[in-house]
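Notes for the one structure printed next.
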Amino acid sequence: MSRQPLQVPSYRRHKPTKQAVCSVRLANGQRRDLYLGVWESAGSKLEYGRIVALIAANGGIYPSAADDLTVNEALARYTRHVNAYYVEADGTPSRSVENIHFVLGYLTRLFGPTNLADFGPPQLKAIRSTMIEEGRARRSINKNMVLARQFFRWCVEEQMVSPSVLESLRAVAALAPGRSGVVEGKPRQPADPVAVEKTLAFLPPAVRAVIALLRLTGARPSEMLSLRPCDLDRSRDVWAFTVSSHKTSWKGKARVIHFGPEARDVLAPCLDGVGPQEYVFSPKRSEEQRNAHRGESRITPRWESHMTRNARKRVKDRKHPLSDQYDANNLARAVLRACELAKVPRWTPYQLRHLRAVELREKYGLETVRAVLGQSFMSMSDHYSRGADATLAGRAAAECG
């Protein structure tokens, strides 16, 4: 009776996770996909060689136990869960997906082949040490550790690993300020109002309007850029913009931004010719308006060579079409360029939220800051408006000190 030839598993790429994978046969006749690490990486090829050697030494069968699920195998399943769960109302991935994948990259790179049940505080601390060596800030590292533990909590929920693994990871304390030798991130400061004013002249009209509205309302850039006429109630003196998708919409919380007289004067011209379902601030529409203005103010004749060149440019532009909506990155880049042209210190659109919070706290108090910014708790609003403390303390000293 001839012996069946040894079946060597193939080294292949798993497209959804971009991981190297091979399929092995277990003693019970079932097959299992083993995730080896990043496709074509040295670590994944070493792990593949180890698995082939194990199969050869065990007569063509992969030696397995009930609890031999690896970190890579669990991560492949968790990645599918993350991509399906963390989505916005329109089906696009939320910003949480990028942060989670960033942390999962450390797990894959450092401990992918490790058995899930063998992962404990030493491994979690090793990931944290790697982040410290890379120069990441303390608060960022602590947040990343929470995301790492979140992965193991999901594994417990799916009965992939014992709850004792998660409990042991919870024993790893967060890095304390001033005691861990890690870089401290600089807190975000309010934008300098003088710098903001000087920058406005160097911004495109649409971006200038967005910045003015952020300055007046304290809204997040992503919220203001999602504005559509259909979301705007103009039946009263103070217009109300109900944000359809925002940072806490997944909690079922509503977010309403109010436009007073100054904000209405800025916003009203931007609404001309915009359909109910269209975004008010659109790069595509801004470029069309800019080209129309240039055409109307053109002095030189429209020579045939000019028209031919413009036709070629339009063909090139169609390969990289402009979006119907600005995003926060586009806005930040435009502000950065304007800061360089205005020769003022750099600031970001999000700092306008802090600036508005400081101004409101000085004039109206912390409860008003909480209401305008759409925060649930005053402790969160206090984080934005602490820049007003010196002014308030000085005012109190001058009046009753």
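A note on labels: chains of the structure tokens are A, B, ... as shown, every chain counts residues from 1, and ligands are counted from 1 in their shown order.
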Near stretch 23-25 of chain A, within 8 Å and counting only C-alpha atoms, which residues show up once chain neighbours fewer than 4 positions away are dropped, as a PyMOL selection string?
chain A and resi 9-10+29-34+60-62
Once you count only C-alpha atoms, what closest atom pair and distance in Å to one decimal does each residue of stretch 133-174 of chain A within 10 Å of stretch 76-85 of chain A have, with rows by chain and rising residue number, as JSON lines?
{"residue": "A:Phe151", "atom": "CA", "partner": "A:Tyr78", "partner_atom": "CA", "distance": 7.2}
{"residue": "A:Phe152", "atom": "CA", "partner": "A:Tyr78", "partner_atom": "CA", "distance": 9.6}
{"residue": "A:Trp154", "atom": "CA", "partner": "A:Tyr78", "partner_atom": "CA", "distance": 7.7}
{"residue": "A:Cys155", "atom": "CA", "partner": "A:Tyr78", "partner_atom": "CA", "distance": 8.0}
{"residue": "A:Glu158", "atom": "CA", "partner": "A:Tyr78", "partner_atom": "CA", "distance": 9.9}
I need the residues from that last selection saved to file as a short mmCIF file (atom, residue, chain, number, x, y, z; two decimals), in the first residue's frame (with N, CA and C atoms), if you can.
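Produced file part-v7.cif, reproduced below:
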data_model
loop_
_atom_site.label_atom_id
_atom_site.label_comp_id
_atom_site.auth_asym_id
_atom_site.auth_seq_id
_atom_site.Cartn_x
_atom_site.Cartn_y
_atom_site.Cartn_z
N PHE A 151 -9.66 44.73 21.68
CA PHE A 151 -9.57 43.55 20.82
C PHE A 151 -9.73 42.28 21.65
N PHE A 152 -9.08 42.20 22.80
CA PHE A 152 -9.17 41.00 23.63
C PHE A 152 -10.55 40.89 24.28
N TRP A 154 -13.29 41.70 22.79
CA TRP A 154 -14.11 41.11 21.73
C TRP A 154 -13.83 39.61 21.62
N CYS A 155 -12.57 39.22 21.77
CA CYS A 155 -12.22 37.79 21.71
C CYS A 155 -12.90 37.02 22.84
N GLU A 158 -16.53 36.57 21.95
CA GLU A 158 -16.71 35.55 20.92
C GLU A 158 -16.22 34.18 21.37
#
Can you pull out every residue within 9 Å of A:Leu75, counting only C-alpha atoms, but drop anything in the same chain fewer than 4 positions away, and send it as an NGL selection string?
:A and (35 or 70-71 or 79-80 or 104 or 107-108 or 112 or 151)
Helix (DSSP H, G or I) call set, DSSP backbone run, stretch 140-372 of chain A, as an NGL selection string
:A and (140-157 or 163-170 or 193-202 or 205-217 or 221-225 or 229-231 or 249-251 or 261-271 or 283-296 or 304-319 or 328-342 or 351-363 or 366-372)
Store the residues of this selection in a file with C-alpha atoms, as a short mmCIF file (atom, residue, chain, number, x, y, z; two decimals), in the first residue's frame.
data_model
loop_
_atom_site.label_atom_id
_atom_site.label_comp_id
_atom_site.auth_asym_id
_atom_site.auth_seq_id
_atom_site.Cartn_x
_atom_site.Cartn_y
_atom_site.Cartn_z
CA SER A 140 -1.72 58.72 22.69
CA ILE A 141 -0.06 55.55 24.01
CA ASN A 142 -2.63 55.17 26.78
CA LYS A 143 -5.45 55.45 24.25
CA ASN A 144 -3.77 52.83 22.06
CA MET A 145 -3.55 50.44 25.01
CA VAL A 146 -7.31 50.80 25.50
CA LEU A 147 -7.84 49.85 21.83
CA ALA A 148 -5.56 46.82 22.25
CA ARG A 149 -7.54 45.61 25.26
CA GLN A 150 -10.73 46.22 23.30
CA PHE A 151 -9.57 43.55 20.82
CA PHE A 152 -9.17 41.00 23.63
CA ARG A 153 -12.55 41.96 25.10
CA TRP A 154 -14.11 41.11 21.73
CA CYS A 155 -12.22 37.79 21.71
CA VAL A 156 -13.69 36.97 25.13
CA GLU A 157 -17.15 37.91 23.89
CA PRO A 163 -11.73 35.94 30.39
CA SER A 164 -8.63 35.58 32.57
CA VAL A 165 -6.52 36.89 29.65
CA LEU A 166 -8.51 40.14 29.52
CA GLU A 167 -8.43 40.50 33.31
CA SER A 168 -4.64 40.16 33.34
CA LEU A 169 -4.31 42.87 30.67
CA ARG A 170 -6.49 45.22 32.74
CA PRO A 193 -7.18 85.73 16.71
CA VAL A 194 -4.70 88.18 15.14
CA ALA A 195 -3.10 85.39 13.09
CA VAL A 196 -6.53 84.14 12.02
CA GLU A 197 -7.54 87.61 10.82
CA LYS A 198 -4.35 88.05 8.79
CA THR A 199 -4.74 84.60 7.22
CA LEU A 200 -8.25 85.18 5.85
CA ALA A 201 -7.06 87.34 2.94
CA PHE A 202 -5.01 84.42 1.54
CA PRO A 205 -13.68 82.36 -0.81
CA ALA A 206 -15.33 79.06 0.18
CA VAL A 207 -12.60 78.18 2.68
CA ARG A 208 -12.69 81.73 4.05
CA ALA A 209 -16.42 81.33 4.70
CA VAL A 210 -15.88 78.00 6.48
CA ILE A 211 -13.20 79.52 8.72
CA ALA A 212 -15.42 82.49 9.56
CA LEU A 213 -18.28 80.14 10.50
CA LEU A 214 -16.02 77.96 12.65
CA ARG A 215 -14.80 81.10 14.37
CA LEU A 216 -18.36 82.21 15.17
CA THR A 217 -19.97 78.87 16.08
CA PRO A 221 -14.53 71.30 10.95
CA SER A 222 -16.08 67.97 9.94
CA GLU A 223 -19.49 69.16 11.14
CA MET A 224 -19.41 72.44 9.24
CA LEU A 225 -18.17 70.78 6.05
CA PRO A 229 -29.47 73.22 2.83
CA CYS A 230 -31.86 70.39 3.71
CA ASP A 231 -30.29 70.18 7.18
CA SER A 249 -24.19 60.24 16.58
CA TRP A 250 -23.56 56.55 17.26
CA LYS A 251 -24.71 57.20 20.84
CA PRO A 261 -26.73 87.40 12.74
CA GLU A 262 -23.00 87.47 11.89
CA ALA A 263 -22.93 83.81 10.92
CA ARG A 264 -26.08 84.22 8.80
CA ASP A 265 -24.47 87.07 6.87
CA VAL A 266 -21.49 84.82 6.09
CA LEU A 267 -23.55 81.74 5.20
CA ALA A 268 -26.38 83.29 3.15
CA PRO A 269 -24.29 84.02 -0.02
CA CYS A 270 -22.88 80.50 0.09
CA LEU A 271 -26.37 79.00 -0.26
CA PRO A 283 -14.27 72.10 -4.10
CA LYS A 284 -15.88 71.27 -7.42
CA ARG A 285 -18.34 74.16 -7.23
CA SER A 286 -15.66 76.54 -5.97
CA GLU A 287 -13.42 75.71 -8.93
CA GLU A 288 -16.29 76.19 -11.38
CA GLN A 289 -17.07 79.60 -9.87
CA ARG A 290 -13.40 80.57 -9.98
CA ASN A 291 -13.09 79.59 -13.65
CA ALA A 292 -16.29 81.48 -14.52
CA HIS A 293 -14.97 84.61 -12.79
CA ARG A 294 -11.65 84.30 -14.61
CA GLY A 295 -13.48 83.92 -17.91
CA GLU A 296 -15.59 87.02 -17.31
CA GLU A 304 -7.24 78.89 -30.87
CA SER A 305 -3.98 77.72 -29.24
CA HIS A 306 -5.29 78.80 -25.84
CA MET A 307 -8.52 76.90 -26.35
CA THR A 308 -6.61 73.75 -27.43
CA ARG A 309 -4.42 73.93 -24.33
CA ASN A 310 -7.44 74.42 -22.08
CA ALA A 311 -9.13 71.41 -23.67
CA ARG A 312 -6.06 69.27 -22.85
CA LYS A 313 -6.13 70.54 -19.26
CA ARG A 314 -9.80 69.63 -18.92
CA VAL A 315 -9.05 66.07 -20.09
CA LYS A 316 -6.29 65.86 -17.47
CA ASP A 317 -8.63 67.21 -14.78
CA ARG A 318 -11.20 64.53 -15.56
CA LYS A 319 -8.66 61.88 -14.53
CA ALA A 328 -10.99 68.32 7.15
CA ASN A 329 -7.60 67.52 5.60
CA ASN A 330 -8.27 69.77 2.58
CA LEU A 331 -9.27 72.56 4.94
CA ALA A 332 -6.19 72.17 7.13
CA ARG A 333 -3.85 72.21 4.12
CA ALA A 334 -5.46 75.38 2.76
CA VAL A 335 -5.04 77.10 6.14
CA LEU A 336 -1.42 75.98 6.38
CA ARG A 337 -0.60 77.45 2.95
CA ALA A 338 -2.36 80.70 3.88
CA CYS A 339 -0.37 80.93 7.14
CA GLU A 340 2.86 80.65 5.16
CA LEU A 341 1.74 83.36 2.73
CA ALA A 342 0.59 85.63 5.54
CA GLN A 351 -8.05 75.49 17.23
CA LEU A 352 -10.92 77.83 16.36
CA ARG A 353 -13.17 75.61 18.50
CA HIS A 354 -10.85 76.21 21.46
CA LEU A 355 -10.73 79.94 20.74
CA ARG A 356 -14.51 80.19 20.69
CA ALA A 357 -14.75 78.20 23.93
CA VAL A 358 -12.36 80.59 25.69
CA GLU A 359 -14.31 83.64 24.51
CA LEU A 360 -17.65 82.18 25.57
CA ARG A 361 -16.37 81.16 28.98
CA GLU A 362 -15.02 84.63 29.67
CA LYS A 363 -18.35 86.22 28.73
CA LEU A 366 -18.93 77.19 31.45
CA GLU A 367 -22.56 76.04 31.02
CA THR A 368 -22.88 78.16 27.85
CA VAL A 369 -19.64 76.67 26.53
CA ARG A 370 -21.06 73.19 27.06
CA ALA A 371 -24.29 74.06 25.23
CA VAL A 372 -22.63 75.74 22.24
#
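Taking only C-alpha atoms into account, A:Tyr279 lies nearest to A:Arg228 out of the set A:Arg179, A:Arg228, A:Arg188, A:Arg13.
Nearest-residue note for A:Val256: choosing from A:Pro93, A:Gly49, A:Gly374, A:Pro276, the minimum distance belongs to A:Gly374, counting only C-alpha atoms.
What separates atom CA of A:Trp39 from atom CA of A:Glu98 is a distance of 19.5 Å.
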When you look at stretch 42-45 of chain A with a cut-off of 10 Å (counting only C-alpha atoms), what residues show up, excluding the ones that are within fewer than 5 positions of it in the same chain? I need them as a PyMOL selection string.
chain A and resi 11+19-21+35-37+50-51+109-110+112-113
Contacts of A:Ala240 within 10 Å, only C-alpha atoms, excl. fewer than 2 positions in-chain, as a PyMOL selection string:
chain A and resi 231-238+242-243+256-260
Can you write out the residues you just picked, keeping C-alpha atoms, as a PDB file, in the first residue's frame?
ATOM      1  CA  ASP A 231     -30.292  70.184   7.182  1.00  0.00           C
ATOM      2  CA  LEU A 232     -30.696  73.919   7.836  1.00  0.00           C
ATOM      3  CA  ASP A 233     -33.785  75.400   9.524  1.00  0.00           C
ATOM      4  CA  ARG A 234     -34.128  79.043   8.431  1.00  0.00           C
ATOM      5  CA  SER A 235     -37.631  79.652   9.801  1.00  0.00           C
ATOM      6  CA  ARG A 236     -36.386  81.701  12.776  1.00  0.00           C
ATOM      7  CA  ASP A 237     -33.979  84.581  13.340  1.00  0.00           C
ATOM      8  CA  VAL A 238     -31.353  82.143  14.604  1.00  0.00           C
ATOM      9  CA  THR A 242     -28.940  69.696  12.602  1.00  0.00           C
ATOM     10  CA  VAL A 243     -25.807  67.664  11.876  1.00  0.00           C
ATOM     11  CA  VAL A 256     -27.445  71.292  16.515  1.00  0.00           C
ATOM     12  CA  ILE A 257     -25.299  74.281  15.479  1.00  0.00           C
ATOM     13  CA  HIS A 258     -26.873  77.737  15.699  1.00  0.00           C
ATOM     14  CA  PHE A 259     -26.121  80.639  13.359  1.00  0.00           C
ATOM     15  CA  GLY A 260     -26.648  84.140  14.735  1.00  0.00           C
TER      16      GLY A 260
END
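Take atom CA of A:Gln123 and atom CA of A:Val172: the distance between them is 10.7 Å.
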